Amino acid sequence: EVASMQAWCILIRLALLMKADCSVQGTPATAACICNPDFTKPVFRYIIRIHIDSEVVKVKELYLIRHGRQSSKLCNVDVSLDEAGRRQAELLADRLTYDKIEKLYSSDLKRAVETAGIIGKRLGLEPEVIPAFREIDFGELTGKADDVIVEEYKEFRRERSSQTSDLPYPGGENGADVIRRVLPVWKEICQSAQERTAVVTHGGVIRSLCAYLLETDLKNKLKFAVDLENTSITEIRYDEKKELFYLERFNDTAHLERHPELMRESWKPSLIRR
């Protein structure tokens with residue numbers, strides 16, 4: 001444990017030296033070490049802002065957060081969180097305390113609104129509800145149990161698992177439909193004044209957005225995680241000057257690592273596995 005802390009001290013000193021070196025060369029830089037009481041190691045954050053042609057390069061940080069565990073295992077029913085879901089949201093809120101999030105958005109579905117409410121209360125933010133961020137429309141599958149879906153939609157599931165097209169749910173949406181409704185508000189967020197924003201949304205939205213922003217075919221959206229965990233963080237960074245998006249981290253669940261009972265595998269594994 002002592003050796004571990006010594007290693008962190010070395011990293012901190014290195015960052016401060018880099019800060020000094022950058023300042024000498026005329027490049028502003030900031031370095032910070034934050035001790036988070038909920039984790040064994042300090043959270044180390046080092047950000048350099050580089051001047052190019054006397055203009056600061058702005059990189060926005062956009063957090064896509066999946067809602068906490070809902071109180072029903074039926075497909076995409078609009079219900080509140082269960083006790084485990086509220087605990088997941090509380091752990092995430094503790095973790096985000098140090099991230100200086102400036103704006104918080106939420107889907108209009110109950111599980112997302114409640115998750116955002118727990119986070120917002122801790123961070124002192126009032127979530128703004130945006131219906132466009134609601135989950136992909138599962139069509140005929142909505143309200144059905146997994147066993148029923150597996151039995152009654154074998155051909156659909158076989159075709160979907162092949163990932164040869166951006167297949168819509170029977171009577172519902174596909175990834176392109178999600179992007180069409182999400183993209184206008186996403187662009188507004190990217191053009192806003194806030195540098196760090198969080199959106200509490202859903203697995204279908206997160207997968208579709210990741211595929212779209214990384215310029216891969218939307219048929220590949222299911223390749224973004226077998227189990228997209230509840231309250232996981234997916235961080236997108238947006239370079240305003242180059243108008244480029246970067247996937248900084250995906251399905252980050254560090255706040256749940258000490259709580260295996262809160263992981264999806266212990267509750268309801270994804271249908272992708274079946």
# chains A, B, ... in the order shown; residues from 1 in each chain; ligands from 1

call {"tool": "residues_around", "arguments": {"residues": "segment 83-90 of chain A", "least_positions_apart": "2", "cutoff": "12 Å", "atoms": "only C-alpha atoms", "output": "MDAnalysis selection string"}}
result
chainID A and resid 38 65:72 79:81 92:97 110:123 200 229:233 253:264 266:267

call {"tool": "write_last_selection", "arguments": {"atoms": "N, CA and C atoms", "output": "compact mmCIF listing (two decimals), in the first residue's frame"}}
result
# COMPACT_ATOMS: atom_id res chain seq x y z
N ASP A 38 -14.04 7.21 -1.84
CA ASP A 38 -14.74 5.97 -2.15
C ASP A 38 -13.86 4.96 -2.89
N ILE A 65 -24.49 8.08 -19.91
CA ILE A 65 -24.67 7.22 -18.74
C ILE A 65 -25.90 6.35 -18.92
N ARG A 66 -25.73 5.06 -18.79
CA ARG A 66 -26.91 4.20 -18.83
C ARG A 66 -27.63 4.28 -17.47
N HIS A 67 -28.93 4.30 -17.52
CA HIS A 67 -29.76 4.39 -16.30
C HIS A 67 -29.47 3.24 -15.34
N GLY A 68 -29.92 3.37 -14.10
CA GLY A 68 -29.80 2.31 -13.12
C GLY A 68 -30.77 1.16 -13.39
N ARG A 69 -30.62 0.09 -12.64
CA ARG A 69 -31.43 -1.12 -12.83
C ARG A 69 -32.91 -0.82 -12.59
N GLN A 70 -33.75 -1.20 -13.53
CA GLN A 70 -35.19 -0.95 -13.41
C GLN A 70 -35.87 -2.05 -12.59
N SER A 71 -37.11 -1.77 -12.19
CA SER A 71 -37.84 -2.66 -11.28
C SER A 71 -38.63 -3.74 -12.01
N SER A 72 -38.37 -3.95 -13.28
CA SER A 72 -39.03 -5.02 -14.04
C SER A 72 -38.05 -5.59 -15.06
N VAL A 79 -40.80 1.82 -16.15
CA VAL A 79 -40.93 1.65 -14.69
C VAL A 79 -39.78 2.38 -13.99
N SER A 80 -39.90 2.54 -12.69
CA SER A 80 -38.88 3.19 -11.88
C SER A 80 -37.75 2.21 -11.56
N LEU A 81 -36.75 2.68 -10.84
CA LEU A 81 -35.63 1.86 -10.42
C LEU A 81 -36.04 0.92 -9.29
N LEU A 92 -22.68 5.97 -8.40
CA LEU A 92 -22.23 6.78 -9.53
C LEU A 92 -22.20 8.26 -9.16
N ALA A 93 -23.22 8.71 -8.44
CA ALA A 93 -23.27 10.11 -8.03
C ALA A 93 -22.06 10.46 -7.16
N ASP A 94 -21.69 9.55 -6.25
CA ASP A 94 -20.50 9.75 -5.43
C ASP A 94 -19.27 9.92 -6.31
N ARG A 95 -19.17 9.08 -7.31
CA ARG A 95 -18.01 9.11 -8.19
C ARG A 95 -17.94 10.40 -9.01
N LEU A 96 -19.09 10.88 -9.46
CA LEU A 96 -19.13 12.06 -10.32
C LEU A 96 -18.96 13.37 -9.57
N THR A 97 -18.94 13.29 -8.24
CA THR A 97 -18.80 14.50 -7.43
C THR A 97 -17.58 15.31 -7.82
N LYS A 110 -38.95 6.75 -16.96
CA LYS A 110 -38.86 6.85 -15.49
C LYS A 110 -37.51 6.41 -14.95
N ARG A 111 -36.97 5.32 -15.45
CA ARG A 111 -35.72 4.80 -14.91
C ARG A 111 -34.55 5.76 -15.15
N ALA A 112 -34.60 6.48 -16.27
CA ALA A 112 -33.56 7.47 -16.55
C ALA A 112 -33.77 8.74 -15.72
N VAL A 113 -35.02 9.19 -15.63
CA VAL A 113 -35.33 10.39 -14.85
C VAL A 113 -34.93 10.21 -13.39
N GLU A 114 -35.23 9.01 -12.83
CA GLU A 114 -34.89 8.77 -11.43
C GLU A 114 -33.38 8.70 -11.23
N THR A 115 -32.69 8.05 -12.15
CA THR A 115 -31.22 7.99 -12.08
C THR A 115 -30.63 9.40 -12.13
N ALA A 116 -31.09 10.20 -13.07
CA ALA A 116 -30.59 11.57 -13.21
C ALA A 116 -30.93 12.40 -11.97
N GLY A 117 -32.08 12.14 -11.37
CA GLY A 117 -32.46 12.87 -10.16
C GLY A 117 -31.52 12.61 -9.01
N ILE A 118 -31.11 11.36 -8.85
CA ILE A 118 -30.17 11.00 -7.78
C ILE A 118 -28.81 11.65 -8.02
N ILE A 119 -28.37 11.61 -9.28
CA ILE A 119 -27.09 12.24 -9.63
C ILE A 119 -27.17 13.75 -9.43
N GLY A 120 -28.26 14.34 -9.95
CA GLY A 120 -28.42 15.79 -9.87
C GLY A 120 -28.47 16.31 -8.45
N LYS A 121 -29.13 15.56 -7.57
CA LYS A 121 -29.22 15.97 -6.16
C LYS A 121 -27.83 16.05 -5.54
N ARG A 122 -26.97 15.07 -5.86
CA ARG A 122 -25.62 15.05 -5.31
C ARG A 122 -24.75 16.16 -5.90
N LEU A 123 -24.96 16.46 -7.19
CA LEU A 123 -24.10 17.43 -7.87
C LEU A 123 -24.66 18.85 -7.83
N VAL A 200 -28.15 11.00 -19.15
CA VAL A 200 -28.61 9.70 -18.66
C VAL A 200 -29.58 9.14 -19.70
N GLU A 229 -23.48 -2.16 -18.96
CA GLU A 229 -23.89 -2.18 -17.56
C GLU A 229 -24.73 -0.97 -17.16
N ASN A 230 -25.63 -1.19 -16.22
CA ASN A 230 -26.41 -0.10 -15.66
C ASN A 230 -25.50 0.88 -14.92
N THR A 231 -25.72 2.15 -15.13
CA THR A 231 -24.95 3.29 -14.61
C THR A 231 -23.50 3.33 -15.10
N SER A 232 -23.21 2.61 -16.18
CA SER A 232 -21.87 2.69 -16.76
C SER A 232 -21.68 4.06 -17.42
N ILE A 233 -20.43 4.48 -17.50
CA ILE A 233 -20.07 5.74 -18.14
C ILE A 233 -19.40 5.45 -19.48
N THR A 253 -17.35 0.96 -15.31
CA THR A 253 -18.13 0.64 -14.11
C THR A 253 -17.25 0.55 -12.86
N ALA A 254 -16.23 1.38 -12.78
CA ALA A 254 -15.31 1.32 -11.64
C ALA A 254 -16.04 1.48 -10.31
N HIS A 255 -17.12 2.25 -10.30
CA HIS A 255 -17.87 2.47 -9.06
C HIS A 255 -18.66 1.24 -8.61
N LEU A 256 -18.78 0.24 -9.48
CA LEU A 256 -19.52 -0.98 -9.13
C LEU A 256 -18.62 -2.19 -8.86
N GLU A 257 -17.32 -2.02 -9.03
CA GLU A 257 -16.41 -3.16 -8.97
C GLU A 257 -16.42 -3.88 -7.63
N ARG A 258 -16.70 -3.18 -6.56
CA ARG A 258 -16.75 -3.81 -5.24
C ARG A 258 -18.13 -4.41 -4.93
N HIS A 259 -19.01 -4.33 -5.92
CA HIS A 259 -20.39 -4.77 -5.69
C HIS A 259 -20.85 -5.68 -6.84
N PRO A 260 -20.36 -6.92 -6.88
CA PRO A 260 -20.72 -7.82 -7.97
C PRO A 260 -22.21 -8.07 -8.09
N GLU A 261 -22.94 -7.92 -6.98
CA GLU A 261 -24.39 -8.13 -7.01
C GLU A 261 -25.10 -7.04 -7.81
N LEU A 262 -24.39 -5.94 -8.09
CA LEU A 262 -24.99 -4.86 -8.85
C LEU A 262 -24.66 -4.94 -10.33
N MET A 263 -23.86 -5.91 -10.72
CA MET A 263 -23.52 -6.08 -12.13
C MET A 263 -24.65 -6.81 -12.85
N ARG A 264 -24.76 -6.55 -14.12
CA ARG A 264 -25.88 -7.07 -14.91
C ARG A 264 -25.92 -8.60 -14.95
N SER A 266 -25.51 -10.71 -12.72
CA SER A 266 -26.17 -11.32 -11.58
C SER A 266 -27.68 -11.07 -11.60
N TRP A 267 -28.15 -10.31 -12.57
CA TRP A 267 -29.57 -9.96 -12.62
C TRP A 267 -30.25 -10.43 -13.90

call {"tool": "select_by_dssp", "arguments": {"residues": "segment 139-213 of chain A", "states": "alpha helix (DSSP H)", "output": "compact mmCIF listing (two decimals) with N, CA, C and O atoms, in the first residue's frame"}}
result
# COMPACT_ATOMS: atom_id res chain seq x y z
N ASP A 146 -38.09 -12.21 -21.55
CA ASP A 146 -37.02 -12.72 -22.40
C ASP A 146 -37.34 -14.11 -22.94
O ASP A 146 -37.08 -14.41 -24.12
N ASP A 147 -37.89 -15.00 -22.12
CA ASP A 147 -38.20 -16.36 -22.57
C ASP A 147 -39.21 -16.34 -23.71
O ASP A 147 -39.12 -17.15 -24.64
N VAL A 148 -40.16 -15.43 -23.64
CA VAL A 148 -41.16 -15.31 -24.71
C VAL A 148 -40.51 -14.79 -25.99
O VAL A 148 -40.78 -15.30 -27.09
N ILE A 149 -39.64 -13.81 -25.84
CA ILE A 149 -38.94 -13.26 -27.01
C ILE A 149 -38.08 -14.32 -27.69
O ILE A 149 -38.08 -14.45 -28.92
N VAL A 150 -37.37 -15.08 -26.88
CA VAL A 150 -36.50 -16.15 -27.42
C VAL A 150 -37.34 -17.16 -28.19
O VAL A 150 -36.94 -17.65 -29.25
N GLU A 151 -38.52 -17.49 -27.70
CA GLU A 151 -39.36 -18.51 -28.32
C GLU A 151 -40.12 -17.99 -29.53
O GLU A 151 -40.22 -18.66 -30.55
N GLU A 152 -40.66 -16.78 -29.44
CA GLU A 152 -41.57 -16.29 -30.48
C GLU A 152 -40.88 -15.49 -31.59
O GLU A 152 -41.48 -15.27 -32.65
N LYS A 154 -37.66 -16.15 -33.03
CA LYS A 154 -36.42 -16.86 -33.37
C LYS A 154 -35.80 -16.34 -34.66
O LYS A 154 -34.58 -16.13 -34.73
N GLU A 155 -36.61 -16.14 -35.68
CA GLU A 155 -36.07 -15.71 -36.97
C GLU A 155 -35.51 -14.29 -36.88
O GLU A 155 -34.43 -14.01 -37.41
N PHE A 156 -36.21 -13.42 -36.18
CA PHE A 156 -35.72 -12.06 -35.99
C PHE A 156 -34.39 -12.06 -35.23
O PHE A 156 -33.44 -11.38 -35.62
N ARG A 157 -34.30 -12.86 -34.17
CA ARG A 157 -33.10 -12.90 -33.37
C ARG A 157 -31.93 -13.50 -34.15
O ARG A 157 -30.78 -13.06 -34.02
N ARG A 158 -32.23 -14.50 -34.98
CA ARG A 158 -31.17 -15.10 -35.81
C ARG A 158 -30.62 -14.06 -36.77
O ARG A 158 -29.39 -13.90 -36.91
N GLU A 159 -31.51 -13.32 -37.44
CA GLU A 159 -31.07 -12.30 -38.39
C GLU A 159 -30.35 -11.17 -37.69
O GLU A 159 -29.34 -10.65 -38.18
N ARG A 160 -30.86 -10.78 -36.53
CA ARG A 160 -30.23 -9.69 -35.77
C ARG A 160 -28.83 -10.08 -35.32
O ARG A 160 -27.90 -9.27 -35.38
N SER A 161 -28.66 -11.30 -34.86
CA SER A 161 -27.35 -11.74 -34.36
C SER A 161 -26.31 -11.82 -35.47
O SER A 161 -25.11 -11.78 -35.21
N SER A 162 -26.75 -11.95 -36.73
CA SER A 162 -25.80 -12.00 -37.86
C SER A 162 -25.15 -10.64 -38.10
O SER A 162 -24.09 -10.55 -38.72
N GLY A 175 -31.16 1.44 -35.52
CA GLY A 175 -30.18 2.44 -35.10
C GLY A 175 -30.32 3.75 -35.84
O GLY A 175 -30.18 4.83 -35.25
N ALA A 176 -30.61 3.69 -37.15
CA ALA A 176 -30.75 4.92 -37.94
C ALA A 176 -31.92 5.76 -37.44
O ALA A 176 -31.85 7.00 -37.42
N ASP A 177 -33.00 5.12 -37.02
CA ASP A 177 -34.14 5.85 -36.47
C ASP A 177 -33.73 6.58 -35.19
O ASP A 177 -34.14 7.73 -34.95
N VAL A 178 -32.95 5.91 -34.36
CA VAL A 178 -32.48 6.52 -33.11
C VAL A 178 -31.63 7.75 -33.41
O VAL A 178 -31.81 8.82 -32.81
N ILE A 179 -30.72 7.62 -34.35
CA ILE A 179 -29.83 8.73 -34.70
C ILE A 179 -30.62 9.92 -35.24
O ILE A 179 -30.33 11.07 -34.91
N ARG A 180 -31.64 9.66 -36.05
CA ARG A 180 -32.44 10.75 -36.61
C ARG A 180 -33.09 11.60 -35.52
O ARG A 180 -33.17 12.82 -35.66
N ARG A 181 -33.55 10.98 -34.45
CA ARG A 181 -34.20 11.77 -33.40
C ARG A 181 -33.21 12.34 -32.38
O ARG A 181 -33.47 13.36 -31.76
N VAL A 182 -32.07 11.67 -32.20
CA VAL A 182 -31.09 12.11 -31.20
C VAL A 182 -30.17 13.20 -31.75
O VAL A 182 -29.78 14.12 -31.01
N LEU A 183 -29.83 13.12 -33.02
CA LEU A 183 -28.78 13.97 -33.58
C LEU A 183 -29.03 15.48 -33.43
O LEU A 183 -28.09 16.21 -33.07
N PRO A 184 -30.24 15.98 -33.67
CA PRO A 184 -30.43 17.43 -33.53
C PRO A 184 -30.09 17.95 -32.13
O PRO A 184 -29.40 18.96 -31.99
N VAL A 185 -30.57 17.26 -31.09
CA VAL A 185 -30.28 17.72 -29.73
C VAL A 185 -28.82 17.46 -29.36
O VAL A 185 -28.20 18.22 -28.62
N TRP A 186 -28.23 16.39 -29.89
CA TRP A 186 -26.82 16.10 -29.66
C TRP A 186 -25.95 17.22 -30.22
O TRP A 186 -24.99 17.67 -29.57
N LYS A 187 -26.29 17.71 -31.40
CA LYS A 187 -25.54 18.81 -32.00
C LYS A 187 -25.64 20.07 -31.15
O LYS A 187 -24.67 20.82 -30.99
N GLU A 188 -26.84 20.32 -30.60
CA GLU A 188 -27.02 21.48 -29.73
C GLU A 188 -26.13 21.39 -28.49
O GLU A 188 -25.54 22.38 -28.07
N ILE A 189 -26.04 20.19 -27.92
CA ILE A 189 -25.19 19.99 -26.74
C ILE A 189 -23.72 20.23 -27.10
O ILE A 189 -22.98 20.88 -26.35
N CYS A 190 -23.30 19.73 -28.25
CA CYS A 190 -21.90 19.91 -28.68
C CYS A 190 -21.56 21.38 -28.93
O CYS A 190 -20.42 21.79 -28.76
N GLY A 203 -29.26 1.85 -23.36
CA GLY A 203 -28.29 1.05 -24.10
C GLY A 203 -28.39 1.20 -25.61
O GLY A 203 -27.38 1.31 -26.30
N GLY A 204 -29.61 1.17 -26.14
CA GLY A 204 -29.78 1.29 -27.59
C GLY A 204 -29.31 2.63 -28.12
O GLY A 204 -28.75 2.71 -29.23
N VAL A 205 -29.49 3.68 -27.34
CA VAL A 205 -29.04 5.01 -27.74
C VAL A 205 -27.52 5.10 -27.68
O VAL A 205 -26.88 5.62 -28.60
N ILE A 206 -26.94 4.58 -26.61
CA ILE A 206 -25.47 4.65 -26.45
C ILE A 206 -24.78 3.87 -27.56
O ILE A 206 -23.83 4.36 -28.18
N ARG A 207 -25.25 2.66 -27.84
CA ARG A 207 -24.63 1.86 -28.90
C ARG A 207 -24.77 2.53 -30.26
O ARG A 207 -23.81 2.59 -31.05
N SER A 208 -25.96 3.04 -30.56
CA SER A 208 -26.19 3.68 -31.86
C SER A 208 -25.33 4.93 -32.02
O SER A 208 -24.74 5.16 -33.08
N LEU A 209 -25.26 5.75 -30.96
CA LEU A 209 -24.45 6.97 -31.03
C LEU A 209 -22.97 6.65 -31.20
O LEU A 209 -22.28 7.30 -31.99
N CYS A 210 -22.48 5.65 -30.48
CA CYS A 210 -21.06 5.29 -30.59
C CYS A 210 -20.74 4.85 -32.03
O CYS A 210 -19.72 5.26 -32.59
N ALA A 211 -21.60 4.03 -32.60
CA ALA A 211 -21.37 3.58 -33.98
C ALA A 211 -21.38 4.76 -34.94
O ALA A 211 -20.51 4.88 -35.81
N TYR A 212 -22.33 5.64 -34.77
CA TYR A 212 -22.47 6.79 -35.67
C TYR A 212 -21.28 7.75 -35.53
O TYR A 212 -20.69 8.17 -36.53
N LEU A 213 -20.94 8.10 -34.30
CA LEU A 213 -19.88 9.09 -34.07
C LEU A 213 -18.51 8.58 -34.49
O LEU A 213 -17.64 9.36 -34.88

call {"tool": "select_by_dssp", "arguments": {"residues": "segment 92-229 of chain A", "states": "strand (DSSP E or B)", "output": "list in words"}}
result
Lys103, Leu104, Tyr105, Ser106, Glu128, Val129, Arg196, Thr197, Ala198, Val199, Val200 and Thr201 of chain A

call {"tool": "decode", "arguments": {"residues": "segment 114-128 of chain A", "atoms": "N, CA, C and O atoms", "output": "mmCIF file, in the first residue's frame"}}
result
data_model
loop_
_atom_site.group_PDB
_atom_site.id
_atom_site.type_symbol
_atom_site.label_atom_id
_atom_site.label_comp_id
_atom_site.auth_asym_id
_atom_site.auth_seq_id
_atom_site.Cartn_x
_atom_site.Cartn_y
_atom_site.Cartn_z
ATOM 1 N N GLU A 114 -35.228 9.012 -12.831
ATOM 2 C CA GLU A 114 -34.887 8.767 -11.432
ATOM 3 C C GLU A 114 -33.383 8.696 -11.229
ATOM 4 O O GLU A 114 -32.845 9.231 -10.244
ATOM 5 N N THR A 115 -32.690 8.055 -12.154
ATOM 6 C CA THR A 115 -31.221 7.993 -12.082
ATOM 7 C C THR A 115 -30.627 9.398 -12.131
ATOM 8 O O THR A 115 -29.765 9.758 -11.321
ATOM 9 N N ALA A 116 -31.091 10.204 -13.073
ATOM 10 C CA ALA A 116 -30.593 11.574 -13.211
ATOM 11 C C ALA A 116 -30.927 12.405 -11.973
ATOM 12 O O ALA A 116 -30.135 13.256 -11.556
ATOM 13 N N GLY A 117 -32.079 12.144 -11.368
ATOM 14 C CA GLY A 117 -32.463 12.871 -10.164
ATOM 15 C C GLY A 117 -31.517 12.612 -9.010
ATOM 16 O O GLY A 117 -31.153 13.537 -8.264
ATOM 17 N N ILE A 118 -31.111 11.360 -8.847
ATOM 18 C CA ILE A 118 -30.172 10.998 -7.780
ATOM 19 C C ILE A 118 -28.811 11.653 -8.024
ATOM 20 O O ILE A 118 -28.186 12.193 -7.106
ATOM 21 N N ILE A 119 -28.366 11.614 -9.275
ATOM 22 C CA ILE A 119 -27.093 12.238 -9.625
ATOM 23 C C ILE A 119 -27.175 13.753 -9.432
ATOM 24 O O ILE A 119 -26.291 14.381 -8.832
ATOM 25 N N GLY A 120 -28.259 14.340 -9.946
ATOM 26 C CA GLY A 120 -28.419 15.786 -9.870
ATOM 27 C C GLY A 120 -28.471 16.305 -8.448
ATOM 28 O O GLY A 120 -27.919 17.360 -8.142
ATOM 29 N N LYS A 121 -29.133 15.560 -7.573
ATOM 30 C CA LYS A 121 -29.219 15.972 -6.160
ATOM 31 C C LYS A 121 -27.835 16.050 -5.542
ATOM 32 O O LYS A 121 -27.518 16.971 -4.788
ATOM 33 N N ARG A 122 -26.973 15.073 -5.864
ATOM 34 C CA ARG A 122 -25.623 15.053 -5.314
ATOM 35 C C ARG A 122 -24.753 16.164 -5.905
ATOM 36 O O ARG A 122 -23.921 16.746 -5.211
ATOM 37 N N LEU A 123 -24.959 16.457 -7.188
ATOM 38 C CA LEU A 123 -24.101 17.429 -7.865
ATOM 39 C C LEU A 123 -24.657 18.852 -7.831
ATOM 40 O O LEU A 123 -23.991 19.788 -8.298
ATOM 41 N N GLY A 124 -25.872 19.014 -7.316
ATOM 42 C CA GLY A 124 -26.475 20.338 -7.301
ATOM 43 C C GLY A 124 -26.937 20.786 -8.670
ATOM 44 O O GLY A 124 -26.904 21.985 -8.990
ATOM 45 N N LEU A 125 -27.371 19.830 -9.504
ATOM 46 C CA LEU A 125 -27.832 20.132 -10.857
ATOM 47 C C LEU A 125 -29.282 19.690 -11.029
ATOM 48 O O LEU A 125 -29.683 18.640 -10.525
ATOM 49 N N GLU A 126 -30.047 20.454 -11.763
ATOM 50 C CA GLU A 126 -31.421 20.083 -12.093
ATOM 51 C C GLU A 126 -31.418 19.440 -13.478
ATOM 52 O O GLU A 126 -31.128 20.101 -14.476
ATOM 53 N N PRO A 127 -31.736 18.132 -13.580
ATOM 54 C CA PRO A 127 -31.688 17.470 -14.887
ATOM 55 C C PRO A 127 -32.717 18.059 -15.851
ATOM 56 O O PRO A 127 -33.843 18.371 -15.453
ATOM 57 N N GLU A 128 -32.315 18.210 -17.091
ATOM 58 C CA GLU A 128 -33.238 18.627 -18.147
ATOM 59 C C GLU A 128 -33.690 17.384 -18.906
ATOM 60 O O GLU A 128 -32.865 16.638 -19.437
#
